[in-house]
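Visitor: Below you will find the structure I want to go over with you.
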Amino acid sequence: MLITGIKSRPVYDELTPMASGLNHLAAAQGSGGKPLVRLLGAMTPEQLAATTVLYSTESFTAQNYLFDLQQFRVRELAVFATNADAVRGLDASLATAKMGTRLYLSGSEGFIGTSMQVATSYGMNRDEVLREHAGSFVRRVWCAHCGHYSENVTHRVFVCPGCELNLIVRDHYSGRLAAFQGVKADSEVPGEMPENEELDT
Amino acid sequence: MSESQHGALRLRVKRIEAVTPEINRYTFGAADGSWLPPFSGGSHITVLIQADGDTRRNAYSLMSSPYDTSEYQIAVRRVDDGKRGSLAMHNNIREGDVLLAGIPANLFPVSKHARHHLFIAGGVGVTPVFAQLEELSLKGSSFELHLAVRGAEHAALGHELKERYGERVTLYGHDGQSRLNTMDVLAGRPLGTHAYVCGPTRMIDDVVGSAHALGWSDSNIHFERFEDLGSTGDPFSVTLARSGAVIEVSPEQSLLEAVEEAGHKLPYLCRGGACGECETEVLELDGTIDHRDDWLSESDRATCKLIMPCVSRATCTKLVINA
């Protein structure tokens with residue numbers, strides 16, 4: 001469970017079946033497979049038959065729950081090699097989904113955040129979506145200077161692959177961008193770098 | 001902008017039109033000829049009506065364009081029983097008269113994030129929808145209206161909207177045959193659809209029930225009850241803790257109206273148990289509270305520590321409220 005003092009960071013839920021829904025979409029990545037296995041285990045046979053699972057085997061911590069997920073009799077299990085592909089798959093599923101759909105997301109903050117951007121673009125509300133954080137606390141960082149998104153950032157100071165500036169990762173999470181903000185680390189005094197540290201991983 | 005008097009607007013009746021056998025449409029301008037406060041689609045005003053020597057405060061949805069603050073329009077359905085406010089509007093108010101009204105408040109706004117807006121209305125419940133559709137139409141949003149009426153002579157407002165918005169408006173009951181089936185209307189809708197219902201309690205319950213059966217979550221279901229505003233029932237008495245005043249609430253008036261009649265003030269906005277503005281603490285109670293609002297939670301109701309004076313009553317030998 002991710003608990004930090006960062007007020008802008010989303011408060012995550014625990015995945016449990018939303019009984020009021022008639023159609024269920026469950027998307028997870030890497031370690032997020034574990035909460036998904038728990039969720040599917042709590043579902044009735046009818047709910048499982050109305051559930052599509054999207055799973056990305058890309059994982060920062062090399063966790064793979066595909067075998068466990070394959071044990072459930074769901075409507076469909078779609079497997080993706082990368083998180084970006086899984087998010088595109090989610091987009092395609094939501095494009096034809098009807099009212100009455102419930103969405104379950106689990107995995108890294110970056111995966112949940114980018115999936116949530118897609119869900120929001122289809123007008124899904126907070127009472128139609130549950131999100132559970134799983135695995136590493138690596139951050140997705142948006143560069144305030146060139147707009148590049150860096151995945152899996154673990155340290156306070158890093159070099160932006162987009163513009164090669166030294167960035168410092170601020171403890172501010174943007175739900176809209178689904179990323180923490182990175183700004184030039186030595187903007188006050190050029191060359192004077194702040195102390196680097198491992199982020200809350 | 002029009003000067004308010006003790007927080008009330010002075011409205012001059014510019015036009016009165018009979019749009020159905022039971023519904024009159026009133027067009028108001030500011031009595032001093034200036035501009036009226038702006039409002040958003042779904043807003044209502046509380047009109048002060050003199051009836052049988054008492055002042056009725058009836059809430060009416062604004063149906064004119066939210067983009068034109070030179071005028072407000074409301075529609076008033078004549079209700080022959082009940083509290084006679086609407087009867088006084090129909091029988092006593094003439095063009096040129098000046099009425100007092102509160103500034104607009106909105107308890108029924110359109111969602112800012114919806115991908116499609118689906119309106120379901122019955123009879124005079126269509127009034128807020130007039131302003132909501134005008135707002136959405138100018139914004140270029142996607143919408144449709146399903147309107148049920150009781151027969152051809154009640155369909156004039158529906159035909160007006162049909163003329164404005166064409167295919168996006170479907171009428172039911174105007175031909176004596178077609179019937180609105182809420183399951184059919186709500187089924188198979190894409191994600192991000194928001195439903196709005198305004199009409200009789202039976203219609204609201206039907207739409208909410210159908211939407212839940214189809215798996216809709218509550219944040220996509222919006223409704224406004226226009227019936228049952230006000231409160232009638234057995235008489236009871238209430239003590240205002242701060243002044244010690246003991247006030248008798250008659251069968252024909254609400255607790256709020258009785259308190260106002262006695263010259264005391266309570267906060268209020270919707271006067272229909274929806275907005276929560278008049279929520280008041282119960283300090284002492286011998287008996288039970290008859291909760292009639294849509295505001296308090298089940299647990300709040302059970303503890304009987306709070307009451308909504310605009311609609312709720314009590315069956316009690318003693319009631320002291322923190323007012």
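Following the order of the structure tokens, first chain is A, next is B, and so on, with residues numbered from 1 inside each chain and ligands from 1 in the order they appear.
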Please produce, as JSON lines, a per-residue contact table for chain B versus chain A (criterion: any atom at most 8 Å away, only C-alpha atoms considered), showing the nearest atom pair and its distance in Å to one decimal, sorted by chain then residue number.
Guide:
{"residue": "B:His113", "atom": "CA", "partner": "A:Gly123", "partner_atom": "CA", "distance": 6.3}
{"residue": "B:Ala114", "atom": "CA", "partner": "A:Gly123", "partner_atom": "CA", "distance": 6.0}
{"residue": "B:Arg115", "atom": "CA", "partner": "A:Gly123", "partner_atom": "CA", "distance": 6.3}
{"residue": "B:Gly188", "atom": "CA", "partner": "A:Lys98", "partner_atom": "CA", "distance": 5.7}
{"residue": "B:Arg189", "atom": "CA", "partner": "A:Lys98", "partner_atom": "CA", "distance": 5.3}
{"residue": "B:Pro190", "atom": "CA", "partner": "A:Lys98", "partner_atom": "CA", "distance": 4.3}
{"residue": "B:Leu191", "atom": "CA", "partner": "A:Met99", "partner_atom": "CA", "distance": 4.9}
{"residue": "B:Gly192", "atom": "CA", "partner": "A:Gly123", "partner_atom": "CA", "distance": 4.0}
{"residue": "B:Thr193", "atom": "CA", "partner": "A:Met99", "partner_atom": "CA", "distance": 7.1}
{"residue": "B:His212", "atom": "CA", "partner": "A:Ser20", "partner_atom": "CA", "distance": 7.4}
{"residue": "B:Leu214", "atom": "CA", "partner": "A:Gly100", "partner_atom": "CA", "distance": 5.8}
{"residue": "B:Gly215", "atom": "CA", "partner": "A:Gly100", "partner_atom": "CA", "distance": 3.8}
{"residue": "B:Trp216", "atom": "CA", "partner": "A:Gly100", "partner_atom": "CA", "distance": 4.8}
{"residue": "B:Ser217", "atom": "CA", "partner": "A:Asp127", "partner_atom": "CA", "distance": 6.6}
{"residue": "B:Asp218", "atom": "CA", "partner": "A:Asp127", "partner_atom": "CA", "distance": 7.8}
{"residue": "B:Ser219", "atom": "CA", "partner": "A:Asn125", "partner_atom": "CA", "distance": 7.0}
{"residue": "B:Asn220", "atom": "CA", "partner": "A:Asn125", "partner_atom": "CA", "distance": 8.0}
Visitor: Show which residues sit within 12 Å of Asp300 (chain B), as a count of residues only. Count only C-alpha atoms, and ignore same-chain residues fewer than 4 positions away.
Guide: 15
Visitor: Residues at most 12 Å from Ala258 (chain B), counting only C-alpha atoms, excluding those fewer than 2 positions away in the same chain, as a PyMOL selection string?
Guide: chain B and resi 54-56+230-232+235-240+245-256+260-266+309-311+313
Visitor: Write out as a PyMOL selection string the residues lying within 12 Å of Ile204 (chain B), counting only C-alpha atoms and excluding same-chain residues fewer than 2 positions away.
Guide: chain B and resi 119-122+125+182+195-202+206-211+221-227
Visitor: Mind dumping the selected residues with N, CA, C and O atoms as a CSV table (one decimal), in the first residue's frame?
Guide:
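For reference, part.csv as written:
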chain,number,residue,atom,x,y,z
B,119,PHE,N,-31.9,13.7,-21.5
B,119,PHE,CA,-32.9,14.3,-20.6
B,119,PHE,C,-34.2,13.5,-20.8
B,119,PHE,O,-34.7,13.2,-21.9
B,120,ILE,N,-34.9,13.3,-19.6
B,120,ILE,CA,-36.2,12.6,-19.6
B,120,ILE,C,-37.1,13.5,-18.7
B,120,ILE,O,-36.7,13.8,-17.6
B,121,ALA,N,-38.2,14.0,-19.3
B,121,ALA,CA,-39.0,14.9,-18.5
B,121,ALA,C,-40.5,14.5,-18.7
B,121,ALA,O,-40.9,13.9,-19.7
B,122,GLY,N,-41.3,14.9,-17.7
B,122,GLY,CA,-42.7,14.7,-17.8
B,122,GLY,C,-43.5,16.0,-17.5
B,122,GLY,O,-43.1,16.7,-16.5
B,125,GLY,N,-42.3,19.4,-15.8
B,125,GLY,CA,-40.9,19.1,-15.5
B,125,GLY,C,-40.0,19.5,-16.6
B,125,GLY,O,-38.8,19.4,-16.4
B,182,THR,N,-38.6,3.8,-20.2
B,182,THR,CA,-37.3,4.3,-19.7
B,182,THR,C,-36.2,3.2,-19.9
B,182,THR,O,-35.0,3.6,-20.2
B,195,ALA,N,-27.8,11.0,-17.5
B,195,ALA,CA,-29.2,11.1,-17.6
B,195,ALA,C,-29.7,12.2,-16.6
B,195,ALA,O,-29.2,12.3,-15.4
B,196,TYR,N,-30.7,13.0,-17.0
B,196,TYR,CA,-31.3,14.0,-16.2
B,196,TYR,C,-32.8,13.8,-16.2
B,196,TYR,O,-33.4,13.6,-17.3
B,197,VAL,N,-33.4,13.7,-15.1
B,197,VAL,CA,-34.9,13.5,-15.1
B,197,VAL,C,-35.6,14.5,-14.2
B,197,VAL,O,-35.1,14.8,-13.1
B,198,CYS,N,-36.6,15.1,-14.7
B,198,CYS,CA,-37.4,16.0,-14.0
B,198,CYS,C,-38.9,15.8,-14.3
B,198,CYS,O,-39.3,15.9,-15.5
B,199,GLY,N,-39.6,15.5,-13.3
B,199,GLY,CA,-41.0,15.2,-13.5
B,199,GLY,C,-41.6,14.6,-12.2
B,199,GLY,O,-41.1,14.8,-11.1
B,200,PRO,N,-42.8,14.0,-12.3
B,200,PRO,CA,-43.4,13.4,-11.1
B,200,PRO,C,-42.6,12.4,-10.4
B,200,PRO,O,-41.7,11.8,-11.1
B,201,THR,N,-42.8,12.2,-9.1
B,201,THR,CA,-42.0,11.3,-8.3
B,201,THR,C,-41.9,9.9,-9.0
B,201,THR,O,-40.9,9.2,-9.0
B,202,ARG,N,-43.1,9.5,-9.5
B,202,ARG,CA,-43.2,8.2,-10.1
B,202,ARG,C,-42.2,8.0,-11.3
B,202,ARG,O,-41.5,7.0,-11.5
B,206,ASP,N,-38.9,5.7,-11.6
B,206,ASP,CA,-38.8,4.8,-12.7
B,206,ASP,C,-37.5,4.9,-13.4
B,206,ASP,O,-36.8,3.9,-13.7
B,207,VAL,N,-37.0,6.1,-13.7
B,207,VAL,CA,-35.8,6.3,-14.4
B,207,VAL,C,-34.6,5.9,-13.5
B,207,VAL,O,-33.7,5.2,-14.0
B,208,VAL,N,-34.6,6.2,-12.2
B,208,VAL,CA,-33.5,5.8,-11.4
B,208,VAL,C,-33.4,4.3,-11.3
B,208,VAL,O,-32.4,3.7,-11.4
B,209,GLY,N,-34.6,3.7,-11.2
B,209,GLY,CA,-34.7,2.2,-11.1
B,209,GLY,C,-34.1,1.6,-12.4
B,209,GLY,O,-33.4,0.6,-12.3
B,210,SER,N,-34.5,2.1,-13.5
B,210,SER,CA,-34.1,1.5,-14.8
B,210,SER,C,-32.6,1.7,-14.9
B,210,SER,O,-31.9,0.8,-15.4
B,211,ALA,N,-32.1,2.9,-14.6
B,211,ALA,CA,-30.7,3.1,-14.8
B,211,ALA,C,-29.8,2.2,-13.9
B,211,ALA,O,-28.8,1.6,-14.3
B,221,ILE,N,-26.6,9.9,-12.8
B,221,ILE,CA,-28.0,10.1,-12.8
B,221,ILE,C,-28.3,11.3,-12.0
B,221,ILE,O,-27.9,11.5,-10.8
B,222,HIS,N,-29.1,12.3,-12.6
B,222,HIS,CA,-29.4,13.5,-12.0
B,222,HIS,C,-30.9,13.7,-12.0
B,222,HIS,O,-31.5,13.5,-13.0
B,223,PHE,N,-31.5,14.2,-10.9
B,223,PHE,CA,-32.9,14.4,-10.9
B,223,PHE,C,-33.3,15.6,-10.1
B,223,PHE,O,-32.6,16.0,-9.2
B,224,GLU,N,-34.5,16.2,-10.4
B,224,GLU,CA,-35.0,17.3,-9.6
B,224,GLU,C,-36.5,17.0,-9.5
B,224,GLU,O,-37.2,16.8,-10.4
B,225,ARG,N,-36.9,17.0,-8.2
B,225,ARG,CA,-38.4,16.8,-8.0
B,225,ARG,C,-39.0,18.1,-7.9
B,225,ARG,O,-38.6,19.0,-7.2
B,226,PHE,N,-40.1,18.3,-8.7
B,226,PHE,CA,-40.8,19.6,-8.6
B,226,PHE,C,-42.1,19.5,-7.9
B,226,PHE,O,-42.7,20.4,-7.6
B,227,GLU,N,-42.5,18.2,-7.6
B,227,GLU,CA,-43.8,18.0,-6.9
B,227,GLU,C,-43.4,18.0,-5.4
B,227,GLU,O,-42.3,18.0,-5.0
Visitor: Could you pull out the strand (DSSP E) residues of region 80-166 of chain A from DSSP and send them as a list in words?
Guide: Phe80, Thr101, Arg102, Leu103, Tyr104, Leu105, Ser106, Gly107, Val129, Leu130, Arg131, Glu132, His133, Arg139, Arg140, Val141, Trp142, Cys143, Tyr149, Ser150, Glu151, Asn152, Val153, Val157, Phe158, Val159 and Asn166 of chain A
Visitor: Selection from above, N, CA, C and O atoms, as a compact mmCIF listing (two decimals), in the first residue's frame, can you write it?
Guide:
# COMPACT_ATOMS: atom_id res chain seq x y z
N PHE A 80 -0.53 -8.46 -23.20
CA PHE A 80 0.25 -7.46 -23.94
C PHE A 80 1.70 -7.51 -23.45
O PHE A 80 1.96 -7.75 -22.28
N THR A 101 -20.62 -0.35 -17.24
CA THR A 101 -19.28 -0.94 -17.20
C THR A 101 -18.54 -0.47 -15.96
O THR A 101 -18.65 0.69 -15.56
N ARG A 102 -17.79 -1.38 -15.35
CA ARG A 102 -16.90 -1.01 -14.24
C ARG A 102 -15.46 -1.33 -14.63
O ARG A 102 -15.21 -2.35 -15.27
N LEU A 103 -14.56 -0.46 -14.23
CA LEU A 103 -13.15 -0.61 -14.58
C LEU A 103 -12.31 -0.81 -13.32
O LEU A 103 -12.51 -0.13 -12.32
N TYR A 104 -11.38 -1.76 -13.39
CA TYR A 104 -10.47 -2.06 -12.27
C TYR A 104 -9.05 -1.90 -12.81
O TYR A 104 -8.71 -2.49 -13.84
N LEU A 105 -8.20 -1.14 -12.13
CA LEU A 105 -6.83 -0.92 -12.58
C LEU A 105 -5.88 -1.28 -11.46
O LEU A 105 -6.11 -0.93 -10.30
N SER A 106 -4.79 -1.98 -11.80
CA SER A 106 -3.76 -2.17 -10.78
C SER A 106 -2.40 -2.29 -11.43
O SER A 106 -2.26 -2.73 -12.56
N GLY A 107 -1.39 -1.86 -10.66
CA GLY A 107 -0.02 -1.88 -11.16
C GLY A 107 0.72 -0.65 -10.68
O GLY A 107 0.42 -0.11 -9.62
N VAL A 129 -14.78 3.32 -11.24
CA VAL A 129 -13.39 2.86 -11.38
C VAL A 129 -12.79 2.58 -10.00
O VAL A 129 -12.98 3.38 -9.08
N LEU A 130 -12.09 1.46 -9.85
CA LEU A 130 -11.29 1.21 -8.65
C LEU A 130 -9.83 1.07 -9.08
O LEU A 130 -9.54 0.48 -10.12
N ARG A 131 -8.91 1.61 -8.27
CA ARG A 131 -7.49 1.58 -8.61
C ARG A 131 -6.71 1.04 -7.40
O ARG A 131 -6.90 1.53 -6.29
N GLU A 132 -5.84 0.08 -7.64
CA GLU A 132 -5.02 -0.43 -6.53
C GLU A 132 -3.56 -0.40 -6.96
O GLU A 132 -3.18 -0.99 -7.98
N HIS A 133 -2.74 0.26 -6.17
CA HIS A 133 -1.32 0.34 -6.48
C HIS A 133 -0.64 -0.97 -6.12
O HIS A 133 -0.98 -1.60 -5.12
N ARG A 139 8.50 6.42 -10.27
CA ARG A 139 7.65 7.51 -10.70
C ARG A 139 7.70 7.72 -12.22
O ARG A 139 8.71 7.47 -12.85
N ARG A 140 6.59 8.21 -12.75
CA ARG A 140 6.54 8.71 -14.12
C ARG A 140 6.72 10.21 -14.00
O ARG A 140 6.04 10.86 -13.18
N VAL A 141 7.64 10.78 -14.77
CA VAL A 141 7.98 12.19 -14.60
C VAL A 141 7.82 12.93 -15.93
O VAL A 141 8.26 12.46 -16.98
N TRP A 142 7.16 14.09 -15.83
CA TRP A 142 6.97 14.96 -17.00
C TRP A 142 7.96 16.10 -16.91
O TRP A 142 8.08 16.74 -15.86
N CYS A 143 8.70 16.33 -17.99
CA CYS A 143 9.68 17.42 -18.00
C CYS A 143 8.96 18.73 -18.32
O CYS A 143 8.32 18.85 -19.37
N TYR A 149 8.06 12.49 -21.29
CA TYR A 149 7.67 11.67 -20.14
C TYR A 149 8.74 10.60 -19.90
O TYR A 149 9.06 9.85 -20.82
N SER A 150 9.28 10.53 -18.70
CA SER A 150 10.25 9.50 -18.34
C SER A 150 9.57 8.50 -17.42
O SER A 150 9.00 8.88 -16.40
N GLU A 151 9.64 7.23 -17.79
CA GLU A 151 9.05 6.18 -16.96
C GLU A 151 10.07 5.68 -15.94
O GLU A 151 11.28 5.79 -16.15
N ASN A 152 9.58 5.08 -14.85
CA ASN A 152 10.42 4.34 -13.91
C ASN A 152 11.57 5.15 -13.32
O ASN A 152 12.68 4.68 -13.20
N VAL A 153 11.29 6.40 -12.95
CA VAL A 153 12.33 7.24 -12.34
C VAL A 153 12.44 6.87 -10.86
O VAL A 153 11.44 6.79 -10.15
N VAL A 157 17.28 13.34 -8.71
CA VAL A 157 17.89 14.11 -9.79
C VAL A 157 18.24 13.16 -10.93
O VAL A 157 18.81 12.09 -10.69
N PHE A 158 17.84 13.51 -12.15
CA PHE A 158 18.20 12.68 -13.30
C PHE A 158 18.29 13.55 -14.55
O PHE A 158 17.84 14.71 -14.55
N VAL A 159 18.88 12.98 -15.60
CA VAL A 159 19.02 13.73 -16.86
C VAL A 159 17.83 13.40 -17.75
O VAL A 159 17.54 12.23 -18.01
N ASN A 166 19.50 18.59 -16.49
CA ASN A 166 19.41 17.93 -15.19
C ASN A 166 18.07 18.32 -14.56
O ASN A 166 17.79 19.50 -14.36
Visitor: Can you pull out every residue within 10 Å of region 147-153 of chain B, counting only C-alpha atoms, but drop anything in the same chain fewer than 5 positions away, and send it as a ChimeraX atom specification?
Guide: /B:19-22,119-126,158,161,169-180,197-199,203
Visitor: Just the residues within 12 Å of Ser56 (chain A), please, counting only C-alpha atoms, with nothing from its chain fewer than 3 positions along; format it as number ranges by chain.
Guide: A: 26-33, 53, 59-60, 62-66, 69, 77-90, 105-108, 111
Visitor: Please identify all polymer residues within 7 Å of region 97-109 of chain B, counting only C-alpha atoms, omitting same-chain residues fewer than 3 positions from it, and present them as an MDAnalysis selection string.
Guide: chainID B and resid 7:13 31 39 41:48 93:94 224 275
Visitor: Could you save the residues just selected, with N, CA, C and O atoms, as an mmCIF file, in the first residue's frame?
Guide:
data_model
loop_
_atom_site.group_PDB
_atom_site.id
_atom_site.type_symbol
_atom_site.label_atom_id
_atom_site.label_comp_id
_atom_site.auth_asym_id
_atom_site.auth_seq_id
_atom_site.Cartn_x
_atom_site.Cartn_y
_atom_site.Cartn_z
ATOM 1 N N GLY B 7 -32.342 41.151 -0.109
ATOM 2 C CA GLY B 7 -31.943 39.912 -0.781
ATOM 3 C C GLY B 7 -32.935 39.427 -1.801
ATOM 4 O O GLY B 7 -32.746 38.382 -2.391
ATOM 5 N N ALA B 8 -34.026 40.184 -2.025
ATOM 6 C CA ALA B 8 -35.025 39.735 -3.005
ATOM 7 C C ALA B 8 -34.975 40.616 -4.247
ATOM 8 O O ALA B 8 -34.670 41.802 -4.173
ATOM 9 N N LEU B 9 -35.272 40.015 -5.377
ATOM 10 C CA LEU B 9 -35.339 40.762 -6.631
ATOM 11 C C LEU B 9 -36.763 41.269 -6.828
ATOM 12 O O LEU B 9 -37.721 40.588 -6.478
ATOM 13 N N ARG B 10 -36.886 42.455 -7.422
ATOM 14 C CA ARG B 10 -38.217 42.975 -7.776
ATOM 15 C C ARG B 10 -38.429 42.714 -9.263
ATOM 16 O O ARG B 10 -37.723 43.259 -10.106
ATOM 17 N N LEU B 11 -39.380 41.851 -9.567
ATOM 18 C CA LEU B 11 -39.623 41.433 -10.945
ATOM 19 C C LEU B 11 -40.967 41.972 -11.437
ATOM 20 O O LEU B 11 -41.984 41.806 -10.751
ATOM 21 N N ARG B 12 -40.952 42.602 -12.623
ATOM 22 C CA ARG B 12 -42.211 43.056 -13.204
ATOM 23 C C ARG B 12 -42.697 42.019 -14.214
ATOM 24 O O ARG B 12 -41.905 41.503 -15.012
ATOM 25 N N VAL B 13 -43.985 41.676 -14.146
ATOM 26 C CA VAL B 13 -44.557 40.699 -15.072
ATOM 27 C C VAL B 13 -44.742 41.372 -16.432
ATOM 28 O O VAL B 13 -45.545 42.295 -16.574
ATOM 29 N N ALA B 31 -37.851 45.171 -12.287
ATOM 30 C CA ALA B 31 -38.844 46.239 -12.122
ATOM 31 C C ALA B 31 -38.240 47.603 -12.432
ATOM 32 O O ALA B 31 -38.934 48.504 -12.894
ATOM 33 N N PHE B 39 -27.632 33.368 -14.661
ATOM 34 C CA PHE B 39 -27.872 32.040 -14.085
ATOM 35 C C PHE B 39 -27.392 30.975 -15.059
ATOM 36 O O PHE B 39 -27.099 31.274 -16.223
ATOM 37 N N GLY B 41 -28.123 26.904 -16.719
ATOM 38 C CA GLY B 41 -29.249 26.031 -17.029
ATOM 39 C C GLY B 41 -29.551 25.085 -15.884
ATOM 40 O O GLY B 41 -28.648 24.435 -15.364
ATOM 41 N N GLY B 42 -30.828 24.980 -15.485
ATOM 42 C CA GLY B 42 -31.225 24.129 -14.370
ATOM 43 C C GLY B 42 -31.516 24.923 -13.103
ATOM 44 O O GLY B 42 -31.952 24.362 -12.106
ATOM 45 N N SER B 43 -31.275 26.253 -13.147
ATOM 46 C CA SER B 43 -31.492 27.102 -11.960
ATOM 47 C C SER B 43 -32.981 27.323 -11.692
ATOM 48 O O SER B 43 -33.813 27.188 -12.585
ATOM 49 N N HIS B 44 -33.268 27.701 -10.451
ATOM 50 C CA HIS B 44 -34.638 28.069 -10.086
ATOM 51 C C HIS B 44 -34.622 29.363 -9.290
ATOM 52 O O HIS B 44 -33.573 29.771 -8.793
ATOM 53 N N ILE B 45 -35.787 30.003 -9.216
ATOM 54 C CA ILE B 45 -35.946 31.131 -8.298
ATOM 55 C C ILE B 45 -37.107 30.815 -7.354
ATOM 56 O O ILE B 45 -38.000 30.045 -7.694
ATOM 57 N N THR B 46 -37.045 31.400 -6.168
ATOM 58 C CA THR B 46 -38.147 31.269 -5.215
ATOM 59 C C THR B 46 -38.995 32.535 -5.320
ATOM 60 O O THR B 46 -38.506 33.633 -5.087
ATOM 61 N N VAL B 47 -40.261 32.362 -5.721
ATOM 62 C CA VAL B 47 -41.147 33.516 -5.915
ATOM 63 C C VAL B 47 -42.042 33.656 -4.687
ATOM 64 O O VAL B 47 -42.604 32.667 -4.198
ATOM 65 N N LEU B 48 -42.134 34.901 -4.181
ATOM 66 C CA LEU B 48 -43.002 35.162 -3.031
ATOM 67 C C LEU B 48 -44.397 35.496 -3.558
ATOM 68 O O LEU B 48 -44.570 36.439 -4.327
ATOM 69 N N ILE B 93 -52.394 37.293 -10.470
ATOM 70 C CA ILE B 93 -51.263 38.039 -11.040
ATOM 71 C C ILE B 93 -51.589 38.477 -12.466
ATOM 72 O O ILE B 93 -52.063 37.682 -13.273
ATOM 73 N N ARG B 94 -51.336 39.751 -12.736
ATOM 74 C CA ARG B 94 -51.618 40.326 -14.048
ATOM 75 C C ARG B 94 -50.335 40.936 -14.619
ATOM 76 O O ARG B 94 -49.421 41.274 -13.872
ATOM 77 N N GLU B 224 -34.452 16.200 -10.413
ATOM 78 C CA GLU B 224 -35.012 17.265 -9.592
ATOM 79 C C GLU B 224 -36.495 17.003 -9.452
ATOM 80 O O GLU B 224 -37.209 16.849 -10.435
ATOM 81 N N CYS B 275 -31.276 20.849 -0.951
ATOM 82 C CA CYS B 275 -29.970 21.519 -0.999
ATOM 83 C C CYS B 275 -29.188 21.440 0.303
ATOM 84 O O CYS B 275 -27.963 21.565 0.298
#
Visitor: What are the DSSP alpha helix (DSSP H) residues of chain A, as number ranges by chain?
Guide: A: 33-41, 45-49, 66-69, 83-96, 109-121
